[in-house]
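*Asks:* Supplied structure: final35.tsv, TSV, C-alpha atoms and all ligand atoms.
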```
chain	number	residue	atom	x	y	z
A	1	MET	CA	4.82	39.13	1.76
A	2	SER	CA	2.89	36.07	0.67
A	3	SER	CA	1.06	36.31	-2.62
A	4	ASN	CA	-2.14	34.99	-1.04
A	5	SER	CA	-1.89	36.40	2.48
A	6	GLY	CA	-0.97	33.08	4.01
A	7	LYS	CA	-4.13	31.32	2.86
A	8	LEU	CA	-3.55	27.72	1.86
A	9	SER	CA	-4.70	26.53	-1.53
A	10	VAL	CA	-5.23	22.87	-2.30
A	11	THR	CA	-5.19	20.93	-5.57
A	12	ILE	CA	-5.82	17.19	-5.75
A	13	LEU	CA	-3.19	15.76	-8.11
A	14	GLY	CA	-4.03	12.08	-7.74
A	15	SER	CA	-7.31	10.79	-6.32
A	16	GLY	CA	-6.63	7.15	-7.17
A	17	THR	CA	-4.70	4.14	-5.95
A	18	CYS	CA	-2.23	1.54	-7.23
A	19	VAL	CA	-4.77	0.56	-9.91
A	20	PRO	CA	-3.88	2.12	-13.29
A	21	SER	CA	-6.55	4.61	-14.28
A	22	LEU	CA	-6.78	7.35	-16.89
A	23	LYS	CA	-9.14	9.25	-14.61
A	24	ARG	CA	-7.39	8.82	-11.26
A	25	SER	CA	-3.63	9.12	-10.87
A	26	ALA	CA	-2.01	7.55	-7.77
A	27	CYS	CA	-2.00	9.55	-4.54
A	28	SER	CA	-0.72	13.10	-4.40
A	29	VAL	CA	-1.99	16.42	-3.05
A	30	LEU	CA	-0.55	19.86	-3.80
A	31	ILE	CA	-0.74	22.64	-1.22
A	32	ARG	CA	0.44	26.18	-1.90
A	33	THR	CA	1.20	28.23	1.21
A	34	GLY	CA	2.09	31.47	-0.56
A	35	ASP	CA	5.87	31.12	-0.25
A	36	ASN	CA	6.11	27.35	-0.51
A	37	ILE	CA	4.80	24.57	-2.70
A	38	LEU	CA	4.19	21.36	-0.78
A	39	LEU	CA	3.40	17.89	-2.02
A	40	PHE	CA	1.78	15.20	0.07
A	41	ASP	CA	2.77	11.82	-1.41
A	42	THR	CA	4.05	11.27	-4.93
A	43	GLY	CA	2.40	8.22	-6.45
A	44	ALA	CA	2.84	7.33	-10.12
A	45	GLY	CA	1.71	10.15	-12.40
A	46	THR	CA	2.41	12.98	-9.95
A	47	MET	CA	4.84	14.88	-12.21
A	48	ARG	CA	2.41	14.78	-15.13
A	49	ARG	CA	-0.40	16.09	-12.92
A	50	LEU	CA	1.93	18.79	-11.55
A	51	LEU	CA	2.54	20.01	-15.10
A	52	GLU	CA	-1.19	20.02	-15.72
A	53	ALA	CA	-1.60	22.09	-12.53
A	54	GLY	CA	0.98	24.56	-13.86
A	55	VAL	CA	3.75	23.76	-11.37
A	56	GLU	CA	7.42	23.14	-12.23
A	57	ILE	CA	9.05	20.30	-10.27
A	58	TYR	CA	11.89	22.70	-9.30
A	59	ASP	CA	9.42	24.90	-7.45
A	60	VAL	CA	8.35	22.17	-5.03
A	61	SER	CA	10.08	22.87	-1.70
A	62	PHE	CA	8.71	20.08	0.51
A	63	VAL	CA	7.38	16.57	-0.02
A	64	PHE	CA	5.62	14.99	2.95
A	65	TYR	CA	5.04	11.25	2.79
A	66	SER	CA	2.21	9.56	4.68
A	67	HIS	CA	3.82	6.09	4.42
A	68	PHE	CA	6.01	4.00	2.15
A	69	HIS	CA	3.52	2.08	-0.02
A	70	PRO	CA	4.39	2.47	-3.71
A	71	ASP	CA	1.09	4.15	-4.61
A	72	HIS	CA	2.29	7.01	-2.34
A	73	THR	CA	6.08	6.99	-2.89
A	74	GLY	CA	6.41	5.42	-6.35
A	75	GLU	CA	7.50	8.54	-8.18
A	76	LEU	CA	10.12	9.70	-5.65
A	77	ALA	CA	13.16	8.31	-7.51
A	78	SER	CA	11.89	9.65	-10.86
A	79	PHE	CA	11.15	13.01	-9.26
A	80	LEU	CA	14.72	13.36	-7.94
A	81	PHE	CA	16.24	12.17	-11.23
A	82	SER	CA	14.13	14.74	-13.12
A	83	ASN	CA	15.30	17.48	-10.76
A	84	LYS	CA	18.85	16.92	-12.08
A	85	TYR	CA	17.90	17.62	-15.67
A	86	PRO	CA	19.37	19.20	-17.78
A	87	ASP	CA	22.36	19.37	-15.44
A	88	GLU	CA	22.97	19.04	-11.72
A	89	SER	CA	22.44	22.73	-11.10
A	90	ARG	CA	18.94	22.83	-12.53
A	91	ARG	CA	17.29	22.91	-9.10
A	92	LYS	CA	18.41	26.05	-7.28
A	93	SER	CA	16.40	25.91	-4.06
A	94	PRO	CA	16.43	23.19	-1.38
A	95	LEU	CA	14.04	20.26	-1.37
A	96	THR	CA	13.02	18.67	1.94
A	97	LEU	CA	11.62	15.15	2.00
A	98	THR	CA	9.79	14.15	5.14
A	99	ALA	CA	8.11	10.98	6.41
A	100	GLY	CA	7.67	8.97	9.58
A	101	SER	CA	10.27	6.85	11.40
A	102	GLY	CA	12.29	4.64	9.09
A	103	PHE	CA	12.41	7.16	6.25
A	104	ALA	CA	16.19	7.70	6.47
A	105	GLU	CA	16.68	3.96	5.99
A	106	PHE	CA	14.07	3.85	3.22
A	107	PHE	CA	15.96	6.62	1.41
A	108	GLU	CA	19.35	4.95	1.96
A	109	ASN	CA	17.95	1.81	0.37
A	110	LEU	CA	16.72	3.83	-2.60
A	111	LYS	CA	20.21	5.34	-2.95
A	112	ARG	CA	21.70	1.85	-2.83
A	113	LEU	CA	19.65	1.13	-5.95
A	114	TYR	CA	20.05	4.41	-7.83
A	115	GLY	CA	23.22	5.98	-6.37
A	116	HIS	CA	24.12	9.41	-7.73
A	117	TRP	CA	21.22	9.33	-10.19
A	118	ILE	CA	18.96	10.50	-7.37
A	119	GLU	CA	21.46	12.64	-5.43
A	120	LEU	CA	21.07	16.40	-5.68
A	121	ASP	CA	23.89	18.91	-5.29
A	122	SER	CA	25.18	19.41	-1.79
A	123	GLY	CA	22.81	21.40	0.38
A	124	LEU	CA	19.83	20.95	-1.93
A	125	LEU	CA	18.31	17.84	-0.38
A	126	ASN	CA	17.21	17.38	3.23
A	127	ILE	CA	15.86	14.09	4.54
A	128	VAL	CA	13.76	14.51	7.67
A	129	GLU	CA	12.14	11.85	9.84
A	130	PHE	CA	9.15	12.75	11.98
A	131	ASP	CA	8.47	10.82	15.13
A	132	ASN	CA	5.59	8.48	14.48
A	133	THR	CA	4.95	7.07	17.91
A	134	HIS	CA	3.68	10.22	19.62
A	135	GLY	CA	3.38	12.68	16.77
A	136	ASP	CA	5.47	15.68	15.92
A	137	GLU	CA	5.28	19.42	15.27
A	138	HIS	CA	7.43	21.67	13.08
A	139	GLN	CA	7.24	25.36	12.32
A	140	TYR	CA	8.51	26.41	8.89
A	141	ASP	CA	8.74	29.95	7.51
A	142	ASP	CA	5.13	30.44	6.48
A	143	PHE	CA	3.42	27.25	7.62
A	144	LYS	CA	3.30	24.78	10.47
A	145	VAL	CA	3.00	21.00	10.30
A	146	GLU	CA	1.68	18.66	12.98
A	147	THR	CA	1.54	14.89	12.70
A	148	LEU	CA	0.01	11.93	14.48
A	149	PRO	CA	0.35	8.20	13.80
A	150	MET	CA	-2.35	6.61	11.62
A	151	GLU	CA	-3.79	3.08	11.52
A	152	HIS	CA	-2.21	1.59	8.42
A	153	ASN	CA	1.54	0.86	8.45
A	154	PRO	CA	4.04	1.24	11.33
A	155	GLU	CA	5.48	4.38	9.67
A	156	SER	CA	2.09	5.91	8.78
A	157	ILE	CA	1.45	9.50	9.82
A	158	GLY	CA	-1.29	11.99	9.05
A	159	TYR	CA	-0.51	15.69	8.60
A	160	ARG	CA	-2.13	18.92	9.69
A	161	VAL	CA	-0.85	22.01	7.86
A	162	ALA	CA	-1.62	25.49	9.15
A	163	GLY	CA	-0.90	28.52	6.98
A	164	SER	CA	0.23	31.84	8.42
A	165	GLY	CA	-3.25	33.20	7.62
A	166	GLY	CA	-4.79	30.68	10.02
A	167	THR	CA	-6.34	28.16	7.61
A	168	SER	CA	-5.69	24.51	8.32
A	169	VAL	CA	-5.74	21.43	6.11
A	170	VAL	CA	-5.46	17.83	7.29
A	171	TYR	CA	-4.27	14.96	5.09
A	172	SER	CA	-4.96	11.46	6.41
A	173	GLY	CA	-2.83	9.40	4.03
A	174	ASP	CA	-4.01	5.80	4.31
A	175	THR	CA	-5.70	4.82	7.53
A	176	ASP	CA	-8.35	2.74	9.20
A	177	TYR	CA	-10.66	4.36	11.73
A	178	SER	CA	-8.40	6.48	13.97
A	179	ASP	CA	-9.04	8.56	17.09
A	180	HIS	CA	-5.73	10.24	16.29
A	181	LEU	CA	-7.20	11.46	13.02
A	182	VAL	CA	-10.15	12.95	14.92
A	183	THR	CA	-7.66	14.74	17.20
A	184	LEU	CA	-5.45	15.90	14.31
A	185	ALA	CA	-8.44	17.19	12.31
A	186	LYS	CA	-10.21	18.91	15.22
A	187	ASP	CA	-11.93	22.07	13.84
A	188	ALA	CA	-9.73	22.05	10.71
A	189	ASP	CA	-11.01	23.98	7.71
A	190	LEU	CA	-10.46	21.00	5.46
A	191	LEU	CA	-9.97	17.26	5.94
A	192	ILE	CA	-8.66	15.32	2.95
A	193	CYS	CA	-9.48	11.78	3.97
A	194	GLU	CA	-9.00	8.44	2.34
A	195	SER	CA	-12.15	6.51	1.50
A	196	ALA	CA	-10.66	3.56	-0.32
A	197	LEU	CA	-13.66	1.26	-0.68
A	198	PRO	CA	-17.46	1.35	-0.35
A	199	ASP	CA	-18.99	0.58	3.07
A	200	GLU	CA	-19.90	-2.99	2.12
A	201	LEU	CA	-16.32	-3.79	1.01
A	202	LYS	CA	-14.51	-2.47	4.12
A	203	VAL	CA	-11.01	-3.90	4.61
A	204	LYS	CA	-8.61	-3.56	7.53
A	205	GLY	CA	-6.26	-0.56	7.21
A	206	HIS	CA	-8.61	1.58	5.09
A	207	LEU	CA	-11.70	3.70	5.55
A	208	THR	CA	-15.05	3.75	3.78
A	209	PRO	CA	-17.31	6.77	3.10
A	210	SER	CA	-19.37	6.39	6.28
A	211	ARG	CA	-16.35	5.74	8.50
A	212	ALA	CA	-14.54	8.78	7.03
A	213	GLY	CA	-17.73	10.79	7.59
A	214	GLU	CA	-17.80	9.70	11.22
A	215	ILE	CA	-14.27	11.06	11.71
A	216	ALA	CA	-15.15	14.34	9.97
A	217	ALA	CA	-18.28	14.77	12.10
A	218	ARG	CA	-16.45	14.04	15.36
A	219	ALA	CA	-13.63	16.41	14.37
A	220	ASN	CA	-16.11	19.14	13.36
A	221	VAL	CA	-14.21	19.95	10.17
A	222	GLY	CA	-15.26	22.79	7.88
A	223	LYS	CA	-15.22	20.59	4.78
A	224	LEU	CA	-14.53	16.94	3.98
A	225	VAL	CA	-12.81	15.75	0.81
A	226	LEU	CA	-12.93	12.01	0.16
A	227	THR	CA	-10.14	10.55	-1.97
A	228	HIS	CA	-8.05	7.40	-2.71
A	229	PHE	CA	-10.91	5.70	-4.57
A	230	TYR	CA	-10.39	2.11	-5.76
A	231	PRO	CA	-12.36	1.16	-8.90
A	232	GLU	CA	-14.85	-0.65	-6.63
A	233	CYS	CA	-16.11	2.84	-5.73
A	234	ASP	CA	-17.23	3.48	-9.31
A	235	GLY	CA	-20.96	3.10	-9.65
A	236	VAL	CA	-21.50	3.28	-5.88
A	237	ASP	CA	-23.26	6.29	-4.33
A	238	ILE	CA	-20.28	7.38	-2.21
A	239	GLU	CA	-22.01	10.59	-1.15
A	240	ARG	CA	-25.07	8.71	0.16
A	241	GLU	CA	-22.84	6.36	2.19
A	242	CYS	CA	-20.94	9.32	3.67
A	243	ARG	CA	-24.20	11.14	4.48
A	244	LYS	CA	-25.10	8.36	6.94
A	245	THR	CA	-22.59	9.92	9.34
A	246	TYR	CA	-21.68	13.40	8.09
A	247	ALA	CA	-23.92	16.35	7.15
A	248	GLY	CA	-21.33	19.09	6.42
A	249	PRO	CA	-19.78	20.30	3.17
A	250	LEU	CA	-18.53	17.32	1.16
A	251	VAL	CA	-16.38	16.95	-1.96
A	252	LEU	CA	-15.54	13.74	-3.81
A	253	ALA	CA	-12.02	14.26	-5.11
A	254	GLU	CA	-11.12	14.20	-8.78
A	255	ASP	CA	-7.69	14.73	-10.28
A	256	LEU	CA	-6.76	18.41	-10.75
A	257	MET	CA	-9.68	19.60	-8.66
A	258	GLU	CA	-8.94	22.79	-6.76
A	259	ILE	CA	-10.53	22.72	-3.33
A	260	GLU	CA	-11.95	25.94	-1.94
A	261	ILE	CA	-11.24	26.55	1.71
B	301	ZN	ZN	-1.08	2.25	1.92
B	302	ZN	ZN	-2.68	3.89	-0.59
```
Could the structure of this file be written out as structure tokens, please?
Ligand SMILES: [Zn+2]
Ligand SMILES: [Zn+2]
*Replies:*
Amino acid sequence: MSSNSGKLSVTILGSGTCVPSLKRSACSVLIRTGDNILLFDTGAGTMRRLLEAGVEIYDVSFVFYSHFHPDHTGELASFLFSNKYPDESRRKSPLTLTAGSGFAEFFENLKRLYGHWIELDSGLLNIVEFDNTHGDEHQYDDFKVETLPMEHNPESIGYRVAGSGGTSVVYSGDTDYSDHLVTLAKDADLLICESALPDELKVKGHLTPSRAGEIAARANVGKLVLTHFYPECDGVDIERECRKTYAGPLVLAEDLMEIEI
């Protein structure tokens, strides 16, 4: 029986980017399903934020990657190395790493660099590739994951997680405006959406507050969380920009913020 009746709980671990910041660690989101602890992306600083959130690295059972950029995958090798401490039997339960097409090769390349330093005991590490041309769907013991391709990198996918209690959370990863994201987030309780730069500094491959708001409004989500803030967002009224397109519940992410669903 799940400790929280299958309700998902969400903690923002890193609301930042590749830019070093004391306030905003690089991208990572923690979701507890009751029986499982999931991470979405592991940018630099993730393990420190996990400690601050009261979670042991050995208790993480799944890591889902949105794409391969270092601000989202940078701490993967360190994470695996740390899971071997103090000896190779330290982690007792399996860890599954998942990302879009090309992830097996990405991981092989990482192993070419680090070899056995990042290999876990036999049976403890699963590498899973999700299809990122049409999207994918997987049912795990107490949660379900659906994906669709996003507008950022060829391997980019967004995730929708549904707990056994019926709540659903969508994580965009990095993306430009995407009809797929509207589809993926349709009527979700929560959309955690990137909003990298202010409206006036829009770049290809990323969203802004009003574009993210447009997606949230079209998808009719229960709540929108904006995250992945570059320093250019400091001093800009992000909420006002988002309100041009979205009137529903809105949260601007900060590290270690727990999001109510
Ligand atoms: Zn990226
Ligand atoms: Zn990014």
*Asks:* Please list as a ChimeraX atom specification every residue within 8 Å of Glu239 (chain A), counting all atoms listed in the file and excluding residues in the same chain fewer than 4 positions away.
*Replies:* /A:209,243,250,252
*Asks:* Using all atoms listed in the file, pick whichever of A:Thr147, A:Asn153, A:Ser168, A:Ser78 has the shortest atom-to-atom distance to ligand ZN 302 (chain B).
*Replies:* A:Asn153
*Asks:* Might you pull out every residue within 8 Å of region 116-129 of chain A, with only C-alpha atoms counted and same-chain residues fewer than 4 positions away left off, and present them as an MDAnalysis selection string?
*Replies:* chainID A and resid 77:78 80:81 83:84 88:89 91:104 111
*Asks:* Just checking: using all atoms listed in the file, which residue out of A:Ile31, A:Val236, A:Cys242, A:Leu39 ends up closest to Gly163 (chain A)?
*Replies:*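 Of A:Ile31, A:Val236, A:Cys242, A:Leu39, the one nearest Gly163 (chain A) is A:Ile31, counting all atoms listed in the file.
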*Asks:* So which residues are near ligand ZN 302 (chain B), meaning at most 7 Å away with all atoms listed in the file counted, given back as a list of chain:residue names?
*Replies:*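 After applying the 7 Å limit, what remains is A:Thr17, A:Cys27, A:His69, A:Asp71, A:His72, A:Asp174, A:His228.
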*Asks:* Would you compute the distance between CA of Val60 (chain A) and CA of Arg32 (chain A)? Give it in Å to one decimal.
*Replies:*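 About the pair CA of Val60 (chain A) and CA of Arg32 (chain A): they are 9.4 Å apart.
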*Asks:* List the spatial neighbours of Asp187 (chain A) as a PDB file with C-alpha atoms, keeping the file's coordinate frame - criterion: any atom at most 7 Å away, only C-alpha atoms, same-chain residues fewer than 3 positions off excluded.
*Replies:*
```
ATOM      1  CA  ALA A 219     -13.630  16.410  14.370  1.00  0.00           C
ATOM      2  CA  ASN A 220     -16.110  19.140  13.360  1.00  0.00           C
ATOM      3  CA  VAL A 221     -14.210  19.950  10.170  1.00  0.00           C
ATOM      4  CA  GLY A 222     -15.260  22.790   7.880  1.00  0.00           C
TER       5      GLY A 222
END
```
*Asks:* Find, counting all atoms listed in the file, the residue in A:Thr42, A:Ser15, A:Thr133, A:Ser61 that gets nearest to Cys193 (chain A).
*Replies:*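 Nearest candidate to Cys193 (chain A) out of A:Thr42, A:Ser15, A:Thr133, A:Ser61: A:Ser15.
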*Asks:* From the options A:Thr183, A:Thr73, A:Ser66, A:Ser178, which residue's atoms come nearest to Lys204 (chain A), counting all atoms listed in the file?
*Replies:*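 The shortest atom-to-atom distance to Lys204 (chain A) comes from A:Ser178.
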*Asks:* Would you please work out which residue, of A:Gly74, A:Gly34, A:Gly248, A:Gly6, is nearest to ligand ZN 301 (chain B) when using only C-alpha atoms and all ligand atoms?
*Replies:*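 Among the listed residues, A:Gly74 lies closest to ligand ZN 301 (chain B).
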*Asks:* Under the rule that all atoms listed in the file are counted, which of A:Leu38, A:Leu113, A:Val170, A:Ala217 is the nearest residue to Tyr140 (chain A)?
*Replies:*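 Using all atoms listed in the file, Tyr140 (chain A) sits closest to A:Leu38.
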*Asks:* Extract, using only C-alpha atoms, all DNA, RNA and protein residues at most 12 Å from Gly54 (chain A), discarding same-chain residues fewer than 3 positions from it, and format them as a PyMOL selection string.
*Replies:* chain A and resi 11+13+30+37+47-51+57-60+256
*Asks:* Which residues are close to Lys144 (chain A), i.e. within 6 Å by only C-alpha atoms, leaving aside same-chain residues fewer than 3 positions away? Reply as a list in words.
*Replies:*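 Contacts, in chain order: His138, Gln139, Tyr140, Val161 and Ala162 of chain A.
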*Asks:* Would you mind reading off the distance between CA of Tyr65 (chain A) and CA of Lys23 (chain A), one decimal, in Å?
*Replies:* 22.5 Å
*Asks:* To one decimal place in Å, what is the distance between CA of Gly45 (chain A) and CA of Ala196 (chain A)?
*Replies:*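 CA of Gly45 (chain A) sits 18.5 Å away from CA of Ala196 (chain A).
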